[in-house]
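Student: My structure file query_32.txt, compact mmCIF, C-alpha atoms, is below:
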```
# COMPACT_ATOMS: atom_id res chain seq x y z
CA MET A 1 -21.90 -53.72 -58.66
CA LEU A 2 -24.75 -51.43 -57.67
CA LEU A 3 -25.35 -50.56 -54.02
CA GLU A 4 -28.91 -51.88 -54.22
CA ASP A 5 -27.51 -55.30 -55.18
CA CYS A 6 -25.68 -55.58 -51.85
CA SER A 7 -27.15 -57.07 -48.70
CA GLU A 8 -27.00 -54.49 -45.92
CA GLU A 9 -24.29 -55.00 -43.31
CA LYS A 10 -23.30 -51.66 -41.87
CA ILE A 11 -19.92 -51.37 -40.21
CA GLY A 12 -19.89 -49.17 -37.14
CA ARG A 13 -17.71 -46.10 -37.09
CA LEU A 14 -15.66 -44.29 -34.51
CA PRO A 15 -16.71 -40.73 -33.62
CA ASP A 16 -14.75 -37.71 -34.78
CA MET A 17 -12.01 -37.03 -32.25
CA VAL A 18 -10.85 -33.62 -31.08
CA ARG A 19 -8.01 -33.14 -28.61
CA CYS A 20 -8.30 -29.82 -26.82
CA ALA A 21 -8.78 -28.35 -23.37
CA PHE A 22 -12.38 -28.28 -22.22
CA ALA A 23 -11.77 -24.63 -21.39
CA ASP A 24 -11.50 -23.94 -25.14
CA ILE A 25 -15.05 -25.18 -25.84
CA LYS A 26 -17.58 -22.51 -26.73
CA GLU A 27 -21.08 -23.87 -27.26
CA GLN A 28 -23.84 -21.35 -27.93
CA ARG A 29 -26.58 -23.78 -28.92
CA ASP A 30 -29.17 -24.79 -26.31
CA ALA A 31 -27.51 -27.86 -24.85
CA VAL A 32 -28.98 -30.76 -22.91
CA VAL A 33 -26.13 -31.61 -20.55
CA LEU A 34 -26.13 -35.10 -19.07
CA THR A 35 -23.56 -35.53 -16.33
CA THR A 36 -22.99 -36.34 -12.68
CA GLU A 37 -22.29 -33.93 -9.85
CA PRO A 38 -18.57 -34.90 -9.56
CA ALA A 39 -18.04 -34.67 -13.33
CA TRP A 40 -19.84 -31.32 -13.62
CA LYS A 41 -17.74 -30.00 -10.74
CA ALA A 42 -14.58 -31.19 -12.50
CA VAL A 43 -15.42 -29.16 -15.64
CA LYS A 44 -16.65 -26.13 -13.70
CA GLY A 45 -16.59 -22.98 -15.80
CA ILE A 46 -16.89 -24.74 -19.16
CA ASP A 47 -18.53 -22.45 -21.73
CA ILE A 48 -21.62 -24.47 -22.62
CA ASN A 49 -25.11 -23.00 -22.82
CA SER A 50 -26.63 -25.62 -20.52
CA HIS A 51 -30.30 -25.18 -21.37
CA GLN A 52 -30.97 -28.36 -19.39
CA LEU A 53 -28.65 -29.83 -16.79
CA ILE A 54 -29.57 -33.40 -15.85
CA TYR A 55 -27.70 -35.58 -13.38
CA VAL A 56 -27.77 -39.22 -14.50
CA LYS A 57 -28.61 -41.83 -11.88
CA GLY A 58 -29.89 -45.07 -13.46
CA ASN A 59 -29.05 -47.36 -16.35
CA THR A 60 -32.40 -49.00 -17.00
CA ASP A 61 -34.35 -48.57 -20.23
CA ALA A 62 -37.13 -46.81 -18.29
CA ALA A 63 -34.75 -44.36 -16.58
CA MET A 64 -33.13 -43.37 -19.87
CA ALA A 65 -36.47 -43.10 -21.67
CA ALA A 66 -37.71 -40.77 -18.94
CA VAL A 67 -34.75 -38.46 -19.55
CA ALA A 68 -35.27 -38.62 -23.32
CA GLU A 69 -38.92 -37.57 -22.94
CA VAL A 70 -38.09 -34.29 -21.17
CA CYS A 71 -35.18 -33.42 -23.47
CA GLU A 72 -35.44 -29.86 -24.84
CA GLY A 73 -32.40 -28.60 -26.70
CA GLU A 74 -30.46 -28.41 -29.94
CA VAL A 75 -27.53 -30.63 -28.99
CA VAL A 76 -26.73 -33.22 -26.32
CA TYR A 77 -23.55 -33.20 -24.24
CA GLY A 78 -22.50 -36.27 -22.27
CA ILE A 79 -19.93 -35.31 -19.63
CA GLY A 80 -18.42 -37.93 -17.32
CA GLY A 81 -17.96 -41.69 -17.45
CA GLY A 82 -19.68 -44.68 -18.98
CA LEU A 83 -23.16 -44.38 -17.43
CA THR A 84 -23.45 -40.71 -18.35
CA ILE A 85 -22.31 -41.12 -21.93
CA ASP A 86 -24.40 -44.27 -22.44
CA THR A 87 -27.46 -42.27 -21.36
CA ALA A 88 -26.47 -39.36 -23.60
CA LYS A 89 -26.29 -41.75 -26.58
CA PHE A 90 -29.79 -43.00 -25.79
CA VAL A 91 -31.21 -39.49 -25.41
CA ALA A 92 -29.54 -38.13 -28.54
CA ALA A 93 -30.69 -41.08 -30.66
CA ALA A 94 -34.26 -40.89 -29.34
CA ASN A 95 -34.50 -37.18 -30.17
CA GLY A 96 -32.48 -37.12 -33.39
CA LEU A 97 -29.90 -34.73 -31.95
CA SER A 98 -26.17 -34.37 -32.34
CA LEU A 99 -24.10 -35.70 -29.47
CA ILE A 100 -20.81 -34.46 -28.10
CA ALA A 101 -19.05 -36.61 -25.50
CA LEU A 102 -16.57 -35.26 -22.96
CA PRO A 103 -15.08 -38.20 -21.03
CA THR A 104 -13.68 -37.02 -17.70
CA ILE A 105 -12.32 -40.50 -16.92
CA LEU A 106 -11.41 -43.43 -19.16
CA SER A 107 -13.60 -45.81 -17.18
CA THR A 108 -15.12 -47.75 -20.13
CA ASP A 109 -15.15 -47.67 -23.92
CA ALA A 110 -18.76 -46.37 -23.95
CA PHE A 111 -17.79 -43.00 -25.44
CA LEU A 112 -16.71 -44.77 -28.64
CA THR A 113 -19.56 -47.22 -29.27
CA ASP A 114 -22.92 -47.07 -31.04
CA ALA A 115 -24.90 -48.99 -28.43
CA THR A 116 -26.16 -48.29 -24.91
CA GLY A 117 -25.99 -50.87 -22.16
CA VAL A 118 -29.15 -51.13 -20.08
CA ARG A 119 -29.84 -53.43 -17.15
CA GLU A 120 -32.84 -55.65 -17.72
CA ASN A 121 -34.00 -58.78 -15.88
CA GLY A 122 -30.68 -59.13 -14.08
CA CYS A 123 -28.44 -58.85 -17.13
CA VAL A 124 -27.04 -56.18 -19.45
CA ARG A 125 -28.66 -55.73 -22.85
CA TYR A 126 -27.24 -53.49 -25.56
CA LEU A 127 -29.63 -51.18 -27.37
CA PRO A 128 -28.59 -49.80 -30.76
CA THR A 129 -28.40 -46.04 -30.30
CA LYS A 130 -25.65 -43.96 -31.89
CA PRO A 131 -22.00 -43.15 -31.36
CA PRO A 132 -21.14 -39.61 -30.32
CA ASP A 133 -20.72 -37.34 -33.31
CA THR A 134 -17.66 -35.84 -31.64
CA VAL A 135 -15.52 -36.90 -28.69
CA ILE A 136 -13.50 -34.10 -27.11
CA VAL A 137 -10.46 -35.36 -25.25
CA ASP A 138 -8.75 -33.19 -22.64
CA ILE A 139 -5.67 -35.23 -21.69
CA ASP A 140 -4.80 -32.91 -18.80
CA MET A 141 -8.30 -33.37 -17.38
CA LEU A 142 -7.95 -37.16 -17.66
CA CYS A 143 -4.61 -37.02 -15.84
CA GLU A 144 -6.21 -35.13 -12.95
CA ALA A 145 -8.92 -37.75 -12.37
CA PRO A 146 -8.69 -39.91 -9.23
CA ALA A 147 -6.07 -42.64 -9.67
CA ALA A 148 -8.52 -45.43 -8.91
CA MET A 149 -10.85 -44.31 -11.70
CA ARG A 150 -8.91 -42.58 -14.45
CA ALA A 151 -7.70 -45.73 -16.24
CA SER A 152 -10.22 -48.36 -15.13
CA GLY A 153 -11.39 -48.64 -18.75
CA ALA A 154 -8.14 -50.49 -19.41
CA ALA A 155 -10.02 -53.54 -18.12
CA ASP A 156 -12.02 -53.47 -21.38
CA VAL A 157 -8.74 -54.01 -23.24
CA LEU A 158 -7.29 -56.49 -20.73
CA SER A 159 -10.50 -58.52 -21.06
CA ILE A 160 -9.23 -59.58 -24.50
CA ALA A 161 -7.13 -62.09 -22.50
CA THR A 162 -10.12 -64.13 -21.34
CA ALA A 163 -12.70 -63.23 -23.99
CA LEU A 164 -10.40 -64.25 -26.85
CA TRP A 165 -9.69 -67.56 -25.08
CA ASP A 166 -13.44 -68.15 -24.80
CA TRP A 167 -14.01 -67.27 -28.46
CA GLN A 168 -11.18 -69.55 -29.60
CA GLU A 169 -12.52 -72.40 -27.49
CA ALA A 170 -15.98 -71.86 -28.96
CA GLU A 171 -14.45 -72.08 -32.44
CA LYS A 172 -12.84 -75.42 -31.57
CA MET A 173 -16.18 -76.70 -30.26
CA GLY A 174 -18.07 -75.54 -33.36
CA ALA A 175 -20.16 -73.31 -31.10
CA ASN A 176 -19.70 -70.04 -33.02
CA PRO A 177 -22.58 -69.00 -35.29
CA PRO A 178 -21.67 -68.25 -38.94
CA ASP A 179 -21.53 -64.49 -38.36
CA GLN A 180 -19.13 -64.90 -35.39
CA ARG A 181 -16.50 -67.19 -36.86
CA LEU A 182 -12.94 -66.52 -35.71
CA THR A 183 -10.13 -65.55 -38.09
CA SER A 184 -6.37 -65.62 -37.57
CA GLN A 185 -6.17 -61.94 -38.52
CA THR A 186 -8.55 -60.99 -35.72
CA VAL A 187 -6.57 -63.07 -33.24
CA ASN A 188 -3.29 -61.41 -34.27
CA ILE A 189 -4.69 -57.89 -33.93
CA ALA A 190 -6.34 -58.63 -30.59
CA GLU A 191 -3.19 -60.20 -29.17
CA THR A 192 -1.17 -57.16 -30.26
CA LEU A 193 -3.55 -54.81 -28.43
CA LEU A 194 -3.41 -56.98 -25.32
CA GLN A 195 0.38 -57.22 -25.38
CA THR A 196 0.71 -53.45 -25.83
CA LEU A 197 -1.45 -52.90 -22.76
CA LEU A 198 0.55 -55.40 -20.69
CA GLU A 199 3.85 -53.78 -21.67
CA ASN A 200 2.64 -50.25 -20.85
CA ALA A 201 0.40 -50.92 -17.84
CA ARG A 202 2.64 -49.03 -15.40
CA GLU A 203 2.82 -45.94 -17.62
CA ILE A 204 -0.97 -45.95 -18.08
CA GLY A 205 -1.61 -46.53 -14.37
CA SER A 206 0.71 -43.68 -13.44
CA GLY A 207 -1.64 -41.31 -15.25
CA THR A 208 0.97 -39.65 -17.43
CA PRO A 209 -0.19 -37.84 -20.59
CA ASP A 210 1.60 -40.40 -22.76
CA GLY A 211 0.08 -43.27 -20.80
CA LEU A 212 -3.49 -42.00 -20.99
CA LYS A 213 -3.13 -41.11 -24.66
CA LEU A 214 -2.01 -44.69 -25.27
CA LEU A 215 -4.98 -46.05 -23.34
CA PHE A 216 -7.31 -43.83 -25.37
CA ASP A 217 -5.76 -45.15 -28.58
CA LEU A 218 -6.04 -48.77 -27.40
CA LEU A 219 -9.72 -48.28 -26.58
CA CYS A 220 -10.26 -46.80 -30.05
CA MET A 221 -8.55 -49.75 -31.73
CA GLU A 222 -10.40 -52.31 -29.58
CA VAL A 223 -13.77 -50.76 -30.45
CA GLN A 224 -12.95 -50.50 -34.14
CA LEU A 225 -11.91 -54.16 -34.16
CA CYS A 226 -15.32 -54.99 -32.68
CA ASN A 227 -16.97 -52.80 -35.33
CA LEU A 228 -15.20 -54.70 -38.09
CA CYS A 229 -16.13 -58.07 -36.55
CA GLY A 230 -19.75 -56.97 -36.13
CA HIS A 231 -19.83 -58.06 -32.47
CA SER A 232 -17.79 -57.76 -29.26
CA ARG A 233 -16.72 -61.38 -28.70
CA VAL A 234 -13.07 -60.37 -28.92
CA GLU A 235 -13.32 -58.42 -25.64
CA GLU A 236 -16.51 -59.63 -24.01
CA GLY A 237 -16.60 -63.14 -22.64
CA SER A 238 -16.92 -64.98 -19.35
CA GLU A 239 -15.25 -62.14 -17.43
CA HIS A 240 -18.04 -59.76 -18.48
CA TYR A 241 -20.75 -62.34 -17.81
CA PHE A 242 -19.33 -62.72 -14.29
CA THR A 243 -19.46 -58.92 -14.00
CA TYR A 244 -23.09 -58.71 -15.09
CA ALA A 245 -24.06 -61.49 -12.70
CA ILE A 246 -22.30 -60.04 -9.65
CA GLU A 247 -23.57 -56.53 -10.45
CA ASN A 248 -27.07 -57.96 -10.34
CA HIS A 249 -26.28 -59.68 -7.04
CA LEU A 250 -24.89 -56.47 -5.51
CA THR A 251 -27.81 -54.36 -6.73
CA SER A 252 -30.41 -56.76 -5.35
CA THR A 253 -28.71 -57.36 -1.99
CA SER A 254 -26.94 -54.13 -1.04
CA GLY A 255 -27.74 -51.51 -3.67
CA ARG A 256 -24.04 -50.66 -3.82
CA ASN A 257 -22.29 -49.79 -7.05
CA VAL A 258 -18.74 -50.82 -7.89
CA LEU A 259 -16.65 -49.49 -10.76
CA HIS A 260 -17.16 -51.50 -13.94
CA GLY A 261 -13.39 -51.82 -14.41
CA GLU A 262 -12.91 -53.25 -10.91
CA LEU A 263 -15.48 -55.98 -11.45
CA VAL A 264 -14.20 -56.79 -14.94
CA GLY A 265 -10.67 -56.96 -13.52
CA LEU A 266 -11.83 -59.40 -10.86
CA GLY A 267 -13.64 -61.41 -13.53
CA ILE A 268 -10.52 -61.56 -15.70
CA LEU A 269 -8.47 -63.07 -12.88
CA LEU A 270 -11.09 -65.63 -11.87
CA MET A 271 -11.87 -66.72 -15.43
CA ALA A 272 -8.20 -66.80 -16.45
CA ALA A 273 -7.50 -69.12 -13.52
CA LEU A 274 -10.43 -71.35 -14.50
CA GLN A 275 -9.15 -71.33 -18.10
CA SER A 276 -5.72 -72.46 -16.78
CA GLN A 277 -4.13 -69.32 -18.19
CA PRO A 278 -1.05 -67.55 -16.73
CA TRP A 279 -3.32 -65.25 -14.72
CA MET A 280 -0.53 -63.75 -12.59
CA GLN A 281 0.59 -61.50 -15.44
CA TYR A 282 -2.94 -60.10 -15.60
CA ARG A 283 -3.00 -59.48 -11.86
CA HIS A 284 0.34 -57.66 -12.15
CA ALA A 285 -1.11 -55.53 -14.95
CA LEU A 286 -4.16 -54.63 -12.86
CA GLU A 287 -1.90 -53.59 -9.99
CA CYS A 288 0.19 -51.42 -12.33
CA LEU A 289 -2.99 -49.91 -13.77
CA GLN A 290 -4.17 -49.14 -10.20
CA ILE A 291 -7.41 -51.02 -10.85
CA ASN A 292 -8.64 -52.51 -7.57
CA TYR A 293 -9.56 -56.11 -8.39
CA ARG A 294 -10.50 -56.66 -4.73
CA PRO A 295 -13.28 -54.07 -4.30
CA PRO A 296 -14.19 -53.85 -0.59
CA ALA A 297 -17.92 -53.79 -1.40
CA VAL A 298 -17.69 -57.32 -2.81
CA ALA A 299 -17.58 -60.01 -0.14
CA PRO A 300 -15.94 -63.40 -0.89
CA GLU A 301 -19.31 -65.04 -0.24
CA ALA A 302 -20.87 -63.02 -3.06
CA ILE A 303 -18.09 -64.11 -5.42
CA VAL A 304 -18.57 -67.77 -4.48
CA GLU A 305 -22.33 -67.55 -5.04
CA THR A 306 -21.87 -65.79 -8.39
CA LEU A 307 -19.33 -68.33 -9.62
CA THR A 308 -21.38 -71.35 -8.60
CA ASN A 309 -24.45 -69.95 -10.34
CA LEU A 310 -22.61 -68.63 -13.41
CA SER A 311 -23.33 -71.54 -15.74
CA ALA A 312 -27.05 -71.27 -14.99
CA TYR A 313 -26.89 -67.49 -15.43
CA VAL A 314 -25.28 -67.85 -18.87
CA ALA A 315 -27.93 -70.37 -19.92
CA GLN A 316 -30.78 -68.25 -18.54
CA HIS A 317 -29.71 -65.21 -20.55
CA ASN A 318 -28.71 -67.17 -23.66
CA LEU A 319 -25.18 -65.75 -23.65
CA PRO A 320 -22.56 -66.95 -26.17
CA TYR A 321 -20.36 -69.96 -25.45
CA THR A 322 -17.57 -69.37 -22.92
CA VAL A 323 -15.77 -71.36 -20.25
CA ALA A 324 -18.74 -70.54 -18.01
CA THR A 325 -21.12 -72.38 -20.35
CA THR A 326 -19.94 -75.90 -19.64
CA LEU A 327 -17.71 -75.67 -16.56
CA GLN A 328 -19.76 -76.57 -13.51
CA ILE A 329 -18.18 -74.52 -10.72
CA THR A 330 -18.81 -76.07 -7.32
CA PRO A 331 -18.50 -74.02 -4.11
CA ASP A 332 -15.15 -75.76 -3.41
CA ILE A 333 -13.81 -74.87 -6.88
CA ALA A 334 -15.02 -71.29 -6.43
CA LYS A 335 -13.33 -70.96 -3.02
CA ARG A 336 -10.06 -72.43 -4.28
CA THR A 337 -10.07 -70.10 -7.29
CA ILE A 338 -10.63 -67.06 -5.09
CA GLN A 339 -7.87 -68.18 -2.71
CA THR A 340 -5.54 -68.64 -5.67
CA VAL A 341 -5.98 -65.24 -7.28
CA PHE A 342 -6.15 -63.37 -3.97
CA ASP A 343 -3.21 -65.27 -2.44
CA TYR A 344 -5.19 -66.10 0.67
CA ALA A 345 -3.51 -68.54 3.04
```
Could the structure of this file be written out as structure tokens, please?
Tutor:
Amino acid sequence: MLLEDCSEEKIGRLPDMVRCAFADIKEQRDAVVLTTEPAWKAVKGIDINSHQLIYVKGNTDAAMAAVAEVCEGEVVYGIGGGLTIDTAKFVAAANGLSLIALPTILSTDAFLTDATGVRENGCVRYLPTKPPDTVIVDIDMLCEAPAAMRASGAADVLSIATALWDWQEAEKMGANPPDQRLTSQTVNIAETLLQTLLENAREIGSGTPDGLKLLFDLLCMEVQLCNLCGHSRVEEGSEHYFTYAIENHLTSTSGRNVLHGELVGLGILLMAALQSQPWMQYRHALECLQINYRPPAVAPEAIVETLTNLSAYVAQHNLPYTVATTLQITPDIAKRTIQTVFDYA
């Protein structure tokens, strides 16, 4: 069979991975460094020729395009967490430059993917950009990150618990399009990743080198599974839709930002309870991972409002079928669900 006879369906790839201390990096090319002040402080003294040093602040298409327009360098470095590396992917793709990612916390799986999440019209949309060409992993640096942040990306593996349930339910309902049909092999792999996380949550949350290396490996395997599927249904379901909706609520009402992993963790518990799953094991895992599923910036009233409007939100943004598609959550159901997962009297 000749290549030209095949219909094109590219399978995403993981970046090249290098494990070394950031102190061993020596970059002489003119580098566009995208970072945040805390992340840049954490890697202070790194030997990079920072021709441009840009602190990332926003995750809208316009904000990233503005950074891409002023980019002047030979290579892009993304140093920090998900927002920084997502922006670096956008900038590198727009300018046809190589990209090197240096995650300082494992807060999301963004440093492994080939798309950039941007906020648009109250929801998150994924733009095809590019994966980093190289990810440099400094395990000691990851271990030194604040406990509340260093492993919050584990929520993107734990979300398999609710997203896979949603995907399986959609399969039963005949609601999956032909290119998103579920297979038993995918289910088996996803359940293995989830079970591995549950069994090692305390080690990962303790921030040991072995624990964070395992989390890094789990994130790699979760992303590659999504690459092979051609979509992210296996780890993105109603818990992420709840996250997008409440992020929009928080941005419009208070302007406050909450860690992605904290909101996804909260979404996992709420959706698992609404799915009649054994949600307590997921709450225990979040506690072991030191992911705060009760972020102080999120008032119970905001959760109730988000839950009661979730079905309409899913319909408005044409999101795939999940428990939030058909379950009409009344204020009473929302309040009882919150009381259940938070153990309020």
Student: Which residue is closest to Leu274 in chain A? Choose from A:Ile303, A:Ile329, A:Ala297, A:Leu219 and count only C-alpha atoms.
Tutor: A:Ile329
Student: Give the padded box for range 255-271 of chain A as JSON: axis-aligned, covering all atoms listed in the file, 5 Å on each side, centre and edge lengths in Å to one decimal.
Tutor:
```
{"center_x": -18.1, "center_y": -58.1, "center_z": -9.7, "size_x": 29.3, "size_y": 27.2, "size_z": 22.0}
```
Student: Could you pull the residues within 10 Å of Leu99 in chain A, counting all atoms listed in the file, minus those fewer than 2 positions along the same chain, as a ChimeraX atom specification?
Tutor: /A:15,31-32,74-78,85,88-93,96-97,101-102,130-135
Student: Tell me which protein, DNA and RNA residues are within 6 Å of range 146-160 of chain A, counting only C-alpha atoms, leaving out same-chain ones fewer than 5 positions away, and put them as a list in words.
Tutor: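 Here the answer would be Ile105, Leu106, Ser107, Thr108, Val234, Glu235, Gly261, Gly265, Gln290 and Ile291 of chain A.
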Student: Which one of A:Leu14, A:Leu112, A:Leu228, A:Val341 sits closest to Gln281 in chain A if you count all atoms listed in the file?
Tutor: A:Val341
Student: Report, in Å to a single decimal, how far apart CA of Asn121 in chain A and CA of Thr322 in chain A are.
Tutor: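 Atom-to-atom, CA of Thr322 in chain A to CA of Asn121 in chain A, that is 20.8 Å.
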Student: Between A:Glu120, A:Asp24, A:Glu222, A:Asp210, which has the minimum distance to Leu142 in chain A (counting only C-alpha atoms)?
Tutor: A:Asp210
Student: Using only C-alpha atoms, which of the listed residues (A:Gln180, A:Gln339, A:Thr325, A:Thr116) sits closest to Ser238 in chain A?
Tutor: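 Ranking A:Gln180, A:Gln339, A:Thr325, A:Thr116 by distance to Ser238 in chain A, first place goes to A:Thr325.
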Student: For Leu197 in chain A, which of A:Val33, A:Ala324, A:Ala273, A:Ala285 is the closest residue, counting only C-alpha atoms?
Tutor: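 Among A:Val33, A:Ala324, A:Ala273, A:Ala285, it is A:Ala285 that comes nearest to Leu197 in chain A.
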Student: Taking into account only C-alpha atoms, which residue in the set A:Ala190, A:Ile204, A:Ala170, A:Leu127 is nearest to Cys143 in chain A?
Tutor: A:Ile204
Student: Neighbouring residues of Asp332 in chain A were defined as those with any atom within 12 Å, considering only C-alpha atoms; residues of the same chain fewer than 3 positions away were excluded. Please report them as a PyMOL selection string.
Tutor: chain A and resi 301+304-305+307-308+328-329+335-339
